[in-house]
Amino acid sequence: KKISQQKAKNRIKQIEEKIAKGETLTIVEISTNGDTSAEYLKIHDSVMRSIVNIHNWWPNITKIEKVTNPMLDKKYEEARLRLKGDYEDQKFHGTDNTGVKGITEGGFRLGTGGMYGAGIYFATDSSKSAREIYTK
């Protein structure tokens with residue numbers, strides 16, 4: 001996606017207004033019905049289309065939740081302003097419930113180990129991120 005600097009600056013202002021009003025972390029279930037149906041179908045399709053047979057994973061998606069944390073959204077938009085390019089993409093990250101809680105409350109933490117050294121690992125295949133080694 002193309003990211004404009006002005007769009008990011010405007011988004012930061014909007015987020016700062018939410019923070020000033022006391023808005024904090026919210027979790028909203030995205031449904032196949034109503035005004036969230038397009039978003040639900042986009043996410044569902046993304047997960048299902050990025051399955052690789054070798055991973056032997058066939059999900060039954062029962063619920064999709066959208067988590068919003070204004071403090072993390074602001075940090076994200078500020079980081080986008082520092083990018084040299086305009087490229088953004090969506091990837092998958094495997095973790096367990098404890099990891100989900102930590103990520104949504106405080107953001108991703110730079111790991112100290114990993115297959116390729118310190119970093120935060122993402123995958124283009126949903127089935128790779130769902131492997132037990134990443135979700136235990």
# chains A, B, ... in the order shown; residues from 1 in each chain; ligands from 1
>>> residues_around(residues="Asn56 of chain A", least_positions_apart="6", cutoff="12 Å", atoms="only C-alpha atoms", output="ChimeraX atom specification")
/A:126-128,130-132
>>> select_by_dssp(residues="chain A", states="helix (DSSP H, G or I)", output="PyMOL selection string")
chain A and resi 5-20+34-49+53-55+70-81+97-106+126-129+132-135
>>> closest_residue(among="A:Asp45, A:Glu78, A:Glu16, A:Glu65", to="Val28 of chain A", atoms="only C-alpha atoms")
A:Glu65
>>> select_by_dssp(residues="segment 3-135 of chain A", states="strand (DSSP E or B)", output="list in words")
Thr26, Ile27, Val28, Glu29, Ile30, Ile64, Glu65, Lys66, Val67, Thr68, Phe92 and Ala123 of chain A
>>> closest_residue(among="A:Thr68, A:Thr24, A:Thr112, A:Ser129", to="Gly94 of chain A", atoms="only C-alpha atoms")
A:Ser129
>>> closest_residue(among="A:Gly114, A:Asn53, A:Lys75, A:Ile61", to="Thr32 of chain A", atoms="only C-alpha atoms")
A:Ile61
>>> atom_distance(atom1="atom CA of Lys84 of chain A", atom2="atom CA of Ser4 of chain A")
11.4 Å
>>> atom_distance(atom1="atom CA of Ala20 of chain A", atom2="atom CA of Arg82 of chain A")
24.0 Å
>>> closest_residue(among="A:Ile103, A:Ile43, A:Ile27, A:Met48", to="Lys66 of chain A", atoms="only C-alpha atoms")
A:Ile27
>>> closest_residue(among="A:Thr135, A:Ile54, A:Val67, A:Leu25", to="Asn97 of chain A", atoms="only C-alpha atoms")
A:Thr135
>>> closest_residue(among="A:Arg80, A:His55, A:His44, A:Lys63", to="Ile133 of chain A", atoms="only C-alpha atoms")
A:His55
>>> atom_distance(atom1="atom CA of Gly111 of chain A", atom2="atom CA of Leu81 of chain A")
23.9 Å
>>> residues_around(residues="His93 of chain A", least_positions_apart="3", cutoff="7 Å", atoms="only C-alpha atoms", output="ChimeraX atom specification")
/A:121-123,129
>>> residues_around(residues="Lys42 of chain A", least_positions_apart="5", cutoff="12 Å", atoms="only C-alpha atoms", output="PyMOL selection string")
chain A and resi 30-32+36-37+47-49+64+90
>>> residues_around(residues="Ile15 of chain A", least_positions_apart="5", cutoff="8 Å", atoms="only C-alpha atoms", output="VMD selection string")
chain A and resid 70 to 71 73 to 74
